[in-house]
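Source file query-v2.txt; content: compact mmCIF, C-alpha atoms and all ligand atoms.
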```txt
# COMPACT_ATOMS: atom_id res chain seq x y z
CA MET A 430 -19.84 10.52 -3.01
CA ALA A 431 -17.10 9.17 -0.82
CA LEU A 432 -18.10 6.62 1.74
CA PHE A 433 -15.33 7.54 4.11
CA GLN A 434 -13.40 10.41 5.44
CA VAL A 435 -9.67 10.23 5.80
CA SER A 436 -8.75 11.34 9.22
CA GLY A 437 -5.43 9.65 9.87
CA TRP A 438 -4.13 9.20 13.37
CA ASP A 439 -7.32 8.15 15.00
CA LEU A 440 -6.17 4.69 15.76
CA LYS A 441 -7.20 3.52 19.18
CA GLN A 442 -4.48 2.64 21.60
CA GLU A 443 -4.99 -1.09 21.51
CA LYS A 444 -3.59 -2.04 18.19
CA ILE A 445 -5.53 -4.36 15.95
CA ALA A 446 -2.94 -7.04 15.50
CA VAL A 447 -3.89 -10.22 13.76
CA GLY A 448 -2.42 -12.02 16.70
CA GLY A 449 -4.53 -10.12 19.22
CA PRO A 450 -3.85 -10.12 22.92
CA ALA A 451 -3.18 -13.49 24.44
CA GLY A 452 -6.25 -13.96 26.57
CA LYS A 453 -7.04 -16.49 29.26
CA LYS A 454 -6.98 -20.02 27.93
CA LYS A 455 -10.45 -21.37 27.33
CA SER A 456 -11.46 -24.86 28.40
CA ASN A 457 -12.00 -27.40 25.62
CA ARG A 458 -15.72 -27.37 26.27
CA GLU A 459 -15.93 -23.64 26.05
CA LYS A 460 -13.98 -23.70 22.83
CA ARG A 461 -16.31 -26.27 21.27
CA ARG A 462 -19.35 -24.32 22.39
CA ALA A 463 -17.95 -21.08 20.97
CA LYS A 464 -17.18 -22.79 17.68
CA LYS A 465 -20.66 -24.26 17.45
CA SER A 466 -22.40 -20.97 18.06
CA GLU A 467 -20.04 -19.30 15.56
CA ARG A 468 -21.03 -21.97 12.99
CA ASP A 469 -24.72 -21.57 13.75
CA ALA A 470 -24.52 -17.81 13.48
CA HIS A 471 -22.61 -18.11 10.22
CA GLU A 472 -25.24 -20.46 8.70
CA LYS A 473 -28.10 -18.32 9.91
CA GLU A 474 -26.59 -15.17 8.50
CA THR A 475 -25.89 -16.79 5.15
CA GLU A 476 -29.51 -17.90 4.91
CA GLN A 477 -30.86 -14.51 5.83
CA GLU A 478 -28.44 -12.08 4.33
CA ASP A 479 -30.38 -11.38 1.14
CA VAL A 480 -33.67 -10.58 2.77
CA ASN A 481 -33.13 -9.56 6.31
CA VAL A 482 -30.86 -6.61 6.24
CA ASP A 483 -33.29 -4.01 7.50
CA GLU A 484 -34.60 -6.31 10.19
CA LYS A 485 -31.15 -6.69 11.62
CA GLY A 486 -31.37 -3.17 12.95
CA GLU A 487 -27.95 -1.77 13.76
CA VAL A 488 -26.05 -3.76 11.19
CA GLU A 489 -23.04 -1.58 11.50
CA GLN A 490 -22.93 -2.02 15.22
CA GLU A 491 -23.18 -5.75 14.82
CA GLU A 492 -20.34 -5.60 12.37
CA GLU A 493 -18.24 -3.63 14.83
CA THR A 494 -18.97 -6.24 17.49
CA LYS A 495 -17.74 -8.93 15.15
CA ILE A 496 -14.64 -6.95 14.42
CA GLN A 497 -14.06 -6.56 18.12
CA ALA A 498 -14.36 -10.30 18.55
CA LEU A 499 -11.91 -10.80 15.73
CA LYS A 500 -9.44 -8.46 17.35
CA GLU A 501 -9.36 -10.78 20.31
CA SER A 502 -8.78 -13.94 18.35
CA LYS A 503 -5.42 -15.64 18.24
CA THR A 504 -2.49 -15.60 15.84
CA VAL A 505 -3.05 -16.29 12.17
CA LYS A 506 -0.83 -19.17 11.19
CA LYS A 507 0.20 -20.36 7.77
CA GLU A 508 -1.90 -23.19 6.44
CA ALA A 509 -4.75 -21.88 8.54
CA THR A 510 -7.33 -22.35 5.81
CA LYS A 511 -6.57 -26.07 5.61
CA GLU A 512 -6.58 -26.27 9.38
CA LYS A 513 -9.98 -24.62 9.53
CA SER A 514 -11.77 -27.15 7.36
CA LYS A 515 -10.13 -29.97 9.31
CA LYS A 516 -11.30 -28.41 12.54
CA ARG A 517 -14.88 -28.24 11.38
CA LYS A 518 -14.89 -31.96 10.66
CA GLN A 519 -13.30 -32.91 13.95
CA ALA A 520 -14.87 -30.52 16.41
CA GLU A 521 -13.59 -32.53 19.36
CA VAL A 522 -9.97 -32.41 18.31
CA GLU A 523 -8.14 -29.65 20.10
CA GLN A 524 -6.38 -27.08 17.93
CA GLU A 525 -4.66 -23.89 18.95
CA THR A 526 -4.92 -22.09 15.62
CA THR A 527 -7.76 -19.67 15.04
CA VAL A 528 -8.18 -17.87 11.75
CA VAL A 529 -8.90 -14.20 11.74
CA GLU A 530 -11.81 -13.75 9.41
CA ALA A 531 -13.34 -10.57 8.15
CA PRO A 532 -17.06 -10.15 8.61
CA LEU A 533 -19.04 -12.05 5.98
CA PRO A 534 -19.27 -10.65 2.47
CA ILE A 535 -22.65 -9.41 1.46
CA SER A 536 -24.65 -9.86 -1.71
CA THR A 537 -26.42 -6.74 -2.96
CA GLN A 538 -28.85 -8.42 -5.33
CA LYS A 539 -32.58 -7.77 -5.04
CA LEU A 540 -32.35 -5.19 -2.28
CA THR A 541 -34.77 -2.41 -1.50
CA PRO A 542 -33.30 1.11 -1.40
CA LEU A 543 -33.23 0.98 2.39
CA GLN A 544 -31.47 -2.37 2.33
CA GLN A 545 -29.00 -0.98 -0.19
CA LYS A 546 -28.27 1.91 2.14
CA MET A 547 -27.62 -0.49 4.99
CA MET A 548 -25.41 -2.55 2.70
CA ALA A 549 -23.35 0.47 1.77
CA LYS A 550 -22.83 1.12 5.48
CA LEU A 551 -21.87 -2.46 6.10
CA SER A 552 -19.42 -2.66 3.23
CA GLY A 553 -17.99 0.63 4.47
CA SER A 554 -17.28 -0.95 7.81
CA ARG A 555 -15.78 -4.03 6.13
CA PHE A 556 -13.50 -1.76 4.08
CA ARG A 557 -12.36 0.05 7.19
CA TRP A 558 -11.65 -3.24 8.94
CA ILE A 559 -9.48 -4.57 6.09
CA ASN A 560 -7.77 -1.22 5.70
CA GLU A 561 -6.91 -1.03 9.37
CA GLN A 562 -5.59 -4.58 9.28
CA LEU A 563 -3.25 -3.85 6.38
CA TYR A 564 -1.78 -0.83 8.14
CA THR A 565 -1.26 -2.52 11.50
CA ILE A 566 0.20 -5.90 10.57
CA SER A 567 3.52 -6.81 9.02
CA SER A 568 3.81 -7.43 5.29
CA GLU A 569 4.24 -11.20 5.81
CA GLU A 570 0.99 -11.29 7.76
CA ALA A 571 -0.74 -9.24 5.07
CA LEU A 572 0.34 -11.72 2.39
CA ASP A 573 -0.98 -14.59 4.53
CA LEU A 574 -4.25 -12.81 5.22
CA ILE A 575 -4.99 -12.22 1.52
CA LYS A 576 -3.86 -15.73 0.60
CA GLN A 577 -6.34 -17.15 3.07
CA GLN A 578 -9.16 -14.78 2.21
CA PRO A 579 -8.59 -13.42 -1.32
CA SER A 580 -12.03 -11.80 -1.43
CA LEU A 581 -10.78 -9.27 1.14
CA PHE A 582 -8.65 -7.80 -1.63
CA ASP A 583 -11.70 -7.20 -3.85
CA GLU A 584 -13.67 -5.65 -1.06
CA TYR A 585 -10.75 -3.48 -0.08
CA HIS A 586 -10.38 -2.20 -3.61
CA GLN A 587 -14.07 -1.51 -3.96
CA GLY A 588 -13.87 0.84 -0.97
CA PHE A 589 -10.49 2.22 -1.99
CA ARG A 590 -11.75 3.12 -5.47
CA SER A 591 -14.72 4.95 -4.06
CA GLN A 592 -12.40 6.88 -1.74
CA VAL A 593 -9.91 7.89 -4.41
CA GLN A 594 -12.64 8.87 -6.86
CA SER A 595 -13.70 11.60 -4.47
CA TRP A 596 -10.24 13.19 -4.53
CA PRO A 597 -9.39 16.03 -6.89
CA GLU A 598 -6.58 13.95 -8.37
CA ASN A 599 -5.62 10.27 -8.38
CA PRO A 600 -1.90 9.88 -7.66
CA VAL A 601 -1.68 7.02 -10.19
CA ASP A 602 -2.62 9.51 -12.91
CA VAL A 603 0.04 11.91 -11.66
CA PHE A 604 2.70 9.19 -12.00
CA VAL A 605 1.45 8.13 -15.44
CA ASN A 606 1.59 11.75 -16.58
CA GLN A 607 5.14 12.09 -15.25
CA ILE A 608 6.13 9.10 -17.35
CA LYS A 609 4.38 10.43 -20.45
CA THR A 610 5.80 13.93 -20.12
CA ARG A 611 9.36 12.93 -19.40
CA ALA A 612 9.33 10.17 -22.03
CA THR A 613 8.32 12.59 -24.75
CA ALA A 614 10.21 15.66 -23.53
CA ARG A 615 13.78 14.38 -23.38
CA PRO A 616 15.89 11.41 -24.42
CA ILE A 617 16.14 8.52 -22.00
CA ASN A 618 18.93 9.11 -19.44
CA ALA A 619 19.27 12.79 -20.41
CA PRO A 620 18.62 15.36 -17.67
CA GLY A 621 14.85 15.71 -17.41
CA GLY A 622 14.27 12.49 -19.35
CA LEU A 623 13.28 9.16 -17.87
CA PRO A 624 16.00 7.04 -16.28
CA GLY A 625 16.77 3.94 -18.32
CA LEU A 626 19.20 1.05 -18.36
CA SER A 627 22.32 1.37 -20.53
CA ASN A 628 20.29 0.06 -23.52
CA LYS A 629 17.72 2.86 -22.91
CA LYS A 630 15.07 0.48 -21.70
CA VAL A 631 12.97 1.93 -18.88
CA VAL A 632 11.99 -0.69 -16.30
CA VAL A 633 9.31 0.28 -13.80
CA ALA A 634 8.33 -1.67 -10.68
CA ASP A 635 4.90 -0.71 -9.36
CA MET A 636 4.98 -1.95 -5.78
CA GLY A 637 1.54 -2.52 -4.25
CA CYS A 638 -0.04 -1.86 -7.64
CA GLY A 639 -3.66 -2.59 -6.64
CA GLU A 640 -5.37 -3.38 -9.91
CA ALA A 641 -2.28 -2.39 -11.95
CA GLN A 642 -3.85 0.64 -13.57
CA LEU A 643 -0.43 2.20 -13.97
CA ALA A 644 0.84 -0.69 -16.12
CA LEU A 645 -2.30 -0.57 -18.24
CA ASP A 646 -2.02 3.17 -18.87
CA VAL A 647 1.73 3.10 -19.52
CA ASN A 648 1.45 0.10 -21.88
CA ASN A 649 -1.29 1.86 -23.84
CA PHE A 650 0.74 5.05 -24.00
CA VAL A 651 3.84 3.20 -25.25
CA LYS A 652 1.81 1.34 -27.91
CA GLN A 653 0.25 4.55 -29.11
CA HIS A 654 3.52 6.48 -29.01
CA ASN A 655 5.41 3.82 -30.92
CA SER A 656 2.79 3.43 -33.62
CA GLN A 657 2.60 7.19 -34.09
CA GLY A 658 6.33 7.74 -33.67
CA SER A 659 6.94 5.85 -36.87
CA LYS A 660 4.82 8.37 -38.78
CA LYS A 661 7.01 11.42 -39.24
CA LYS A 662 4.04 13.75 -39.51
CA PHE A 663 2.95 13.16 -35.95
CA ALA A 664 6.41 13.71 -34.53
CA LYS A 665 6.47 17.11 -36.21
CA ASN A 666 3.05 18.08 -34.86
CA ASN A 667 4.16 17.01 -31.46
CA ASN A 668 6.92 19.62 -31.56
CA ASN A 669 4.32 22.31 -30.94
CA ASN A 670 4.61 21.83 -27.23
CA LYS A 671 6.70 24.83 -26.25
CA ARG A 672 7.16 24.13 -22.59
CA PHE A 673 8.46 20.66 -23.24
CA PRO A 674 10.20 20.55 -26.57
CA THR A 675 9.81 16.94 -27.57
CA THR A 676 13.24 15.56 -28.05
CA GLY A 677 12.21 12.22 -26.60
CA PRO A 678 12.88 8.98 -28.46
CA LYS A 679 10.65 8.01 -31.38
CA THR A 680 10.26 4.53 -30.03
CA LEU A 681 9.99 3.82 -26.39
CA ASP A 682 10.83 0.62 -24.57
CA ILE A 683 9.11 0.69 -21.19
CA GLU A 684 8.36 -2.42 -19.17
CA VAL A 685 6.19 -2.28 -16.06
CA HIS A 686 6.30 -4.97 -13.36
CA SER A 687 3.27 -4.85 -11.08
CA PHE A 688 3.29 -6.47 -7.65
CA ASP A 689 0.52 -6.97 -5.14
CA LEU A 690 -0.93 -9.46 -2.66
CA LYS A 691 -3.47 -10.87 -5.14
CA LYS A 692 -3.29 -11.68 -8.83
CA GLN A 693 -6.34 -9.66 -9.77
CA ASN A 694 -5.37 -9.68 -13.46
CA ASP A 695 -2.60 -10.89 -15.77
CA ARG A 696 -0.45 -7.85 -15.30
CA ILE A 697 0.07 -8.63 -11.62
CA THR A 698 2.69 -10.82 -9.95
CA VAL A 699 1.87 -11.87 -6.41
CA ALA A 700 4.64 -10.89 -4.01
CA ASP A 701 5.25 -9.29 -0.68
CA ILE A 702 6.90 -6.06 -1.79
CA LYS A 703 9.65 -6.47 0.75
CA ASN A 704 10.89 -9.27 -1.47
CA VAL A 705 10.05 -9.16 -5.17
CA PRO A 706 11.29 -11.59 -7.84
CA LEU A 707 13.55 -9.10 -9.64
CA GLU A 708 17.33 -9.02 -10.03
CA ASP A 709 19.53 -6.48 -8.22
CA GLU A 710 19.78 -3.18 -10.12
CA SER A 711 17.30 -4.32 -12.78
CA CYS A 712 14.82 -1.41 -12.52
CA THR A 713 15.07 2.27 -13.31
CA ILE A 714 11.90 3.53 -11.59
CA VAL A 715 10.31 2.07 -8.47
CA ILE A 716 6.88 3.39 -7.50
CA PHE A 717 4.97 3.12 -4.23
CA CYS A 718 1.62 4.74 -4.81
CA LEU A 719 -0.22 4.76 -1.46
CA ALA A 720 1.36 1.36 -0.84
CA LEU A 721 3.57 1.79 2.24
CA MET A 722 1.08 -0.19 4.29
CA GLY A 723 2.82 -2.84 6.40
CA THR A 724 4.32 -1.89 9.76
CA ASN A 725 7.73 -2.81 8.28
CA PHE A 726 7.49 -0.51 5.24
CA LEU A 727 11.16 0.51 5.43
CA ASP A 728 11.87 -3.06 4.28
CA PHE A 729 10.04 -2.10 1.05
CA ILE A 730 12.31 0.92 0.71
CA GLU A 731 15.38 -1.29 1.15
CA GLU A 732 13.99 -3.63 -1.49
CA ALA A 733 13.57 -0.66 -3.83
CA TYR A 734 17.22 0.23 -3.25
CA ARG A 735 18.26 -3.32 -4.11
CA ILE A 736 16.36 -3.54 -7.40
CA LEU A 737 17.14 -0.01 -8.60
CA ALA A 738 20.02 0.58 -10.96
CA PRO A 739 22.33 3.47 -10.01
CA ARG A 740 20.60 6.76 -10.97
CA GLY A 741 17.30 4.90 -10.87
CA GLU A 742 14.44 6.80 -9.27
CA LEU A 743 12.12 6.10 -6.38
CA TRP A 744 8.67 7.71 -6.62
CA ILE A 745 6.35 7.70 -3.65
CA ALA A 746 2.89 9.11 -3.00
CA GLU A 747 1.40 8.89 0.47
CA ILE A 748 -1.68 10.30 2.15
CA LYS A 749 -0.82 13.61 3.82
CA SER A 750 -2.41 12.79 7.13
CA ARG A 751 0.06 9.90 7.61
CA PHE A 752 3.01 12.22 8.12
CA THR A 753 4.01 13.19 11.58
CA GLU A 754 7.18 14.19 13.30
CA SER A 755 8.25 11.41 15.66
CA GLY A 756 4.71 10.55 16.61
CA GLU A 757 4.14 13.80 18.45
CA LYS A 758 1.13 15.90 17.65
CA LYS A 759 3.08 18.85 16.42
CA ILE A 760 1.72 21.18 13.85
CA ILE A 761 3.75 20.80 10.69
CA LYS A 762 4.00 23.63 8.19
CA PRO A 763 2.38 22.51 4.94
CA GLU A 764 5.66 22.81 3.05
CA ASP A 765 7.43 20.66 5.66
CA VAL A 766 5.08 17.69 5.45
CA GLY A 767 7.17 14.56 5.07
CA SER A 768 10.51 16.02 6.13
CA GLU A 769 11.24 13.36 8.75
CA PHE A 770 10.27 10.72 6.21
CA VAL A 771 12.74 12.23 3.73
CA GLU A 772 15.54 12.24 6.32
CA THR A 773 14.86 8.58 7.07
CA LEU A 774 14.97 7.58 3.41
CA LYS A 775 18.27 9.42 3.08
CA LEU A 776 19.62 7.19 5.86
CA CYS A 777 18.47 4.23 3.74
CA GLY A 778 20.85 5.47 1.04
CA PHE A 779 18.57 7.51 -1.24
CA PHE A 780 19.21 11.06 -2.41
CA HIS A 781 16.23 13.36 -2.27
CA LYS A 782 15.16 15.08 -5.50
CA LYS A 783 11.91 16.76 -4.55
CA THR A 784 8.81 16.80 -2.39
CA ASP A 785 5.57 17.93 -3.97
CA ASN A 786 3.07 19.12 -1.41
CA ASP A 787 0.68 20.80 -3.87
CA ASN A 788 -1.98 18.15 -3.70
CA LYS A 789 -4.53 18.40 -0.91
CA MET A 790 -4.77 14.68 -0.19
CA PHE A 791 -1.31 13.26 -0.79
CA THR A 792 2.37 14.20 -0.76
CA ARG A 793 4.58 13.05 -3.60
CA PHE A 794 8.32 12.39 -3.31
CA GLU A 795 11.11 11.73 -5.77
CA PHE A 796 14.41 10.20 -4.73
CA PHE A 797 17.24 8.57 -6.65
CA LYS A 798 19.82 5.91 -5.97
CA PRO A 799 23.23 7.58 -6.13
CA PRO A 800 25.75 6.07 -8.53
CA PRO A 801 29.18 5.11 -7.13
CA ASP A 802 30.91 8.36 -8.19
CA ILE A 803 28.36 10.56 -6.42
CA LEU A 804 28.52 8.29 -3.38
CA ALA A 805 32.30 8.61 -3.21
CA GLU A 806 32.01 12.38 -3.53
CA ARG A 807 29.43 12.52 -0.74
CA ARG A 808 31.57 10.36 1.49
CA ALA A 809 34.61 12.55 0.93
CA LYS A 810 32.52 15.63 1.70
CA LEU A 811 31.19 14.12 4.92
CA GLU A 812 34.69 13.14 5.94
CA ARG A 813 36.01 16.63 5.22
CA LYS A 814 33.33 18.08 7.39
CA LYS A 815 34.04 15.38 9.96
CA LYS A 816 30.41 14.36 9.72
CA PHE A 817 30.91 10.86 8.43
CA VAL A 818 30.80 9.31 11.89
CA GLU A 819 27.71 11.33 12.69
CA HIS A 820 25.99 10.01 9.58
CA GLU A 821 26.91 6.41 10.44
CA THR A 822 25.65 6.94 13.99
CA ASP A 823 22.34 8.23 12.63
CA LYS A 824 22.03 5.07 10.55
CA GLU A 825 22.68 2.90 13.59
CA GLU A 826 20.18 4.89 15.60
CA LEU A 827 17.55 4.30 12.94
CA GLU A 828 18.20 0.57 13.06
CA SER A 829 17.97 0.42 16.83
CA LYS A 830 14.79 2.50 16.77
CA ARG A 831 13.30 0.11 14.22
CA SER A 832 14.21 -2.90 16.32
CA GLU A 833 12.42 -1.39 19.31
CA LYS A 834 9.30 -0.35 17.41
CA PRO A 835 8.36 -0.95 13.79
CA GLU A 836 8.36 2.19 11.67
CA GLY A 837 4.61 1.80 11.14
CA GLU A 838 4.27 2.96 14.74
CA TRP A 839 6.33 6.12 14.57
CA LEU A 840 7.34 7.27 11.12
CA LEU A 841 4.08 7.07 9.19
CA LYS A 842 0.72 6.88 10.88
CA PRO A 843 -1.71 4.25 9.64
CA CYS A 844 -4.26 5.82 7.33
CA ILE A 845 -7.54 5.19 9.08
CA TYR A 846 -10.80 5.98 7.32
CA LYS A 847 -13.47 7.33 9.61
CA ARG A 848 -17.17 6.90 9.15
CA ARG A 849 -18.77 10.16 8.13
N1 LIG B 1 -1.02 1.62 -6.00
C1 LIG B 1 -2.43 1.40 -6.19
C2 LIG B 1 -3.08 0.68 -5.01
C3 LIG B 1 -2.94 1.37 -3.69
S1 LIG B 1 -3.77 0.51 -2.36
C4 LIG B 1 -3.14 2.71 -6.41
O1 LIG B 1 -2.63 3.75 -6.01
O2 LIG B 1 -4.23 2.69 -6.96
C5 LIG B 1 -2.37 -0.27 -1.61
C6 LIG B 1 -2.05 -1.60 -2.24
O3 LIG B 1 -0.87 -2.09 -1.62
C7 LIG B 1 -3.14 -2.64 -1.99
O4 LIG B 1 -3.54 -3.19 -3.22
C8 LIG B 1 -2.46 -3.67 -1.11
O5 LIG B 1 -2.90 -4.98 -1.39
C9 LIG B 1 -1.00 -3.47 -1.50
N2 LIG B 1 -0.07 -3.97 -0.50
C10 LIG B 1 -0.03 -3.66 0.82
N3 LIG B 1 0.97 -4.32 1.42
C11 LIG B 1 1.57 -5.07 0.46
C12 LIG B 1 2.67 -5.97 0.46
N4 LIG B 1 3.35 -6.25 1.56
N5 LIG B 1 3.02 -6.56 -0.70
C13 LIG B 1 2.34 -6.30 -1.84
N6 LIG B 1 1.30 -5.44 -1.91
C14 LIG B 1 0.93 -4.83 -0.77
```

What is this structure when it is put down as structure tokens?
Amino acid sequence: MALFQVSGWDLKQEKIAVGGPAGKKKSNREKRRAKKSERDAHEKETEQEDVNVDEKGEVEQEEETKIQALKESKTVKKEATKEKSKKRKQAEVEQETTVVEAPLPISTQKLTPLQQKMMAKLSGSRFRWINEQLYTISSEEALDLIKQQPSLFDEYHQGFRSQVQSWPENPVDVFVNQIKTRATARPINAPGGLPGLSNKKVVVADMGCGEAQLALDVNNFVKQHNSQGSKKKFAKNNNNNKRFPTTGPKTLDIEVHSFDLKKQNDRITVADIKNVPLEDESCTIVIFCLALMGTNFLDFIEEAYRILAPRGELWIAEIKSRFTESGEKKIIKPEDVGSEFVETLKLCGFFHKKTDNDNKMFTRFEFFKPPPDILAERRAKLERKKKFVEHETDKEELESKRSEKPEGEWLLKPCIYKRR
């Protein structure tokens, strides 16, 4: 059963920024007193958390109160973790930095069924808090937040998994199947086949990979394919597939790079996906599977453009309820979901291949990076139609719009999970 219900757009007006509103300056004494009671409360809760859950009464409400308090705290600064331990030792010393902390993690050992129920509620509210943070802060702040409190990542993924499991289809599986089908159906770089480098190697970047399930599945598929590909018998049997005659290569060379905010396993490289450690034009497929989270997500798209080789493809899946047309509550025809998003990505230089709106929960997009010859053709066409200036003006308009308000506030709504 899913713990949460996706409802999109229900974000309250006051944004939950890590920085929070700059409130009235507290006196030193007040600050010390607040810190002491925070410490006391923390110690008390840690002592009691295993046994006292049902006695706490409205745990969820308490959690929300904490979250509210956190919303009002000041800017997260780099090095804040170090600062925090220093501060505890020298309570008198004045410091401006306050760390935004999530509510305390909870142990679920030795709990009665009622306590377990309360726990599920509480971890639900923790998940929603982390989720809302990641959608309403910039990617740099997100990287800092997870660096300071890595356990937030685990808790986030616990909730995320439970959410996605309740969907009819997991978009990661859809992408893995695309890779499998196209890899076996056609040669690399042939129409309908996977895009590869000139040596036929397919290089995938999974941006915001979570637990890097995609890399695991693709690696296993490649291993299996290559070991079976060498046996002629299997290749023949495989030809039975009539819809996709398998003219794909016998041996596949597919490498997957997986990036996220925490190194949850060996497949993952820690990076802010607006700036990944890969060479220009070194990838042939870039994937964002439910990963356009920071308020500056068009920076991720620009990064995808940088690392993609010409004719390389950009695959995106995003929750349906995030799409809107210029932030107005217009009703969008199901087949038009994501059209403003597509137009914006075109202004970032991508060509649109297709939008798949068949899935109930998410919309899937395919774009490609045009090679120089197609770009020149397009430019000539725009000039012939005297639309080149118009196109350039649209690009400038996008930039000025972004400088006024980050795209996370108008192009894609944060995906907010509501309590059922
Ligand atoms: N793609 C995975 C995980 C989706 S959840 C899947 O579909 O299962 C979104 C992921 O994006 C989270 O793991 C989050 O940590 C990651 N993420 C969000 N902003 C990021 C950023 N700026 N850099 C790297 N990863 C980011």

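Among A:Leu840, A:Ala549, A:Ala619, A:Leu721, the residue with the shortest atom-to-atom distance to ligand LIG 1 (chain B), counting only C-alpha atoms and all ligand atoms, is A:Leu721.
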
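With a cut-off of 6 Å and using all atoms listed in the file, the polymer residues contacting ligand LIG 1 (chain B) are A:Ser568, A:Val601, A:Gly637, A:Cys638, A:Gly639, A:Phe688, A:Asp689, A:Leu690, A:Ala700, A:Asp701, A:Ile702, A:Cys718, A:Leu719, A:Ala720, A:Met722, A:Gly723.
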
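You will find CA of Leu645 in chain A at 15.0 Å from CA of Asn599 in chain A.
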
- [ ] Extract, using all atoms listed in the file, all DNA, RNA and protein residues at most 12 Å from Phe604 in chain A, discarding same-chain residues fewer than 6 positions from it, and format them as a VMD selection string.
- [x] chain A and resid 598 610 to 611 633 635 642 to 644 646 to 647 714 to 719 743 to 746 793 to 795

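Distance-wise, CA of Glu710 in chain A and CA of Pro799 in chain A end up 12.0 Å apart.
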
- [ ] Just the residues within 7 Å of Gly588 in chain A, please, counting all atoms listed in the file, with nothing from its chain fewer than 4 positions along; format it as a ChimeraX atom specification.
- [x] /A:553,556,584,592

Please give the centre and size of the box around range 642-661 of chain A (axis-aligned, containing every atom listed in the file, 4 Å added per side), with values in Å to one decimal and written as lines of an AutoDock Vina configuration file.
```
center_x = 1.6
center_y = 5.4
center_z = -26.4
size_x = 18.9
size_y = 20.1
size_z = 33.7
```

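Between CA of Asp682 in chain A and CA of Ile697 in chain A lies a distance of 19.2 Å.
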
Skip Asn694 in chain A itself and residues of its chain fewer than 4 positions away, then list as a short mmCIF file (atom, residue, chain, number, x, y, z; two decimals) with C-alpha atoms, in the frame of the given file all residues within 9 Å of it, counting all atoms listed in the file.
```
data_model
loop_
_atom_site.label_atom_id
_atom_site.label_comp_id
_atom_site.auth_asym_id
_atom_site.auth_seq_id
_atom_site.Cartn_x
_atom_site.Cartn_y
_atom_site.Cartn_z
CA GLU A 640 -5.37 -3.38 -9.91
CA ALA A 641 -2.28 -2.39 -11.95
CA THR A 698 2.69 -10.82 -9.95
#
```

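Nearest residue to Pro801 in chain A, choosing from A:Gly621, A:Pro597, A:Gly837, A:Pro739 and counting all atoms listed in the file: A:Pro739.
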
Open item on the list: Around the point (12.2, -9.6, -9.9) (coordinates from the file), which residues reach within 12 Å if we count only C-alpha atoms? Answer as number ranges by chain.
Closed with: A: 632-636, 685-688, 698-712, 715, 732-733, 735-737

Task: Selection: 7 Å around range 558-564 of chain A, only C-alpha atoms, excl. self and same-chain fewer than 4 positions, as number ranges by chain - done: A: 445, 554, 571, 581, 585, 722-724, 843, 845
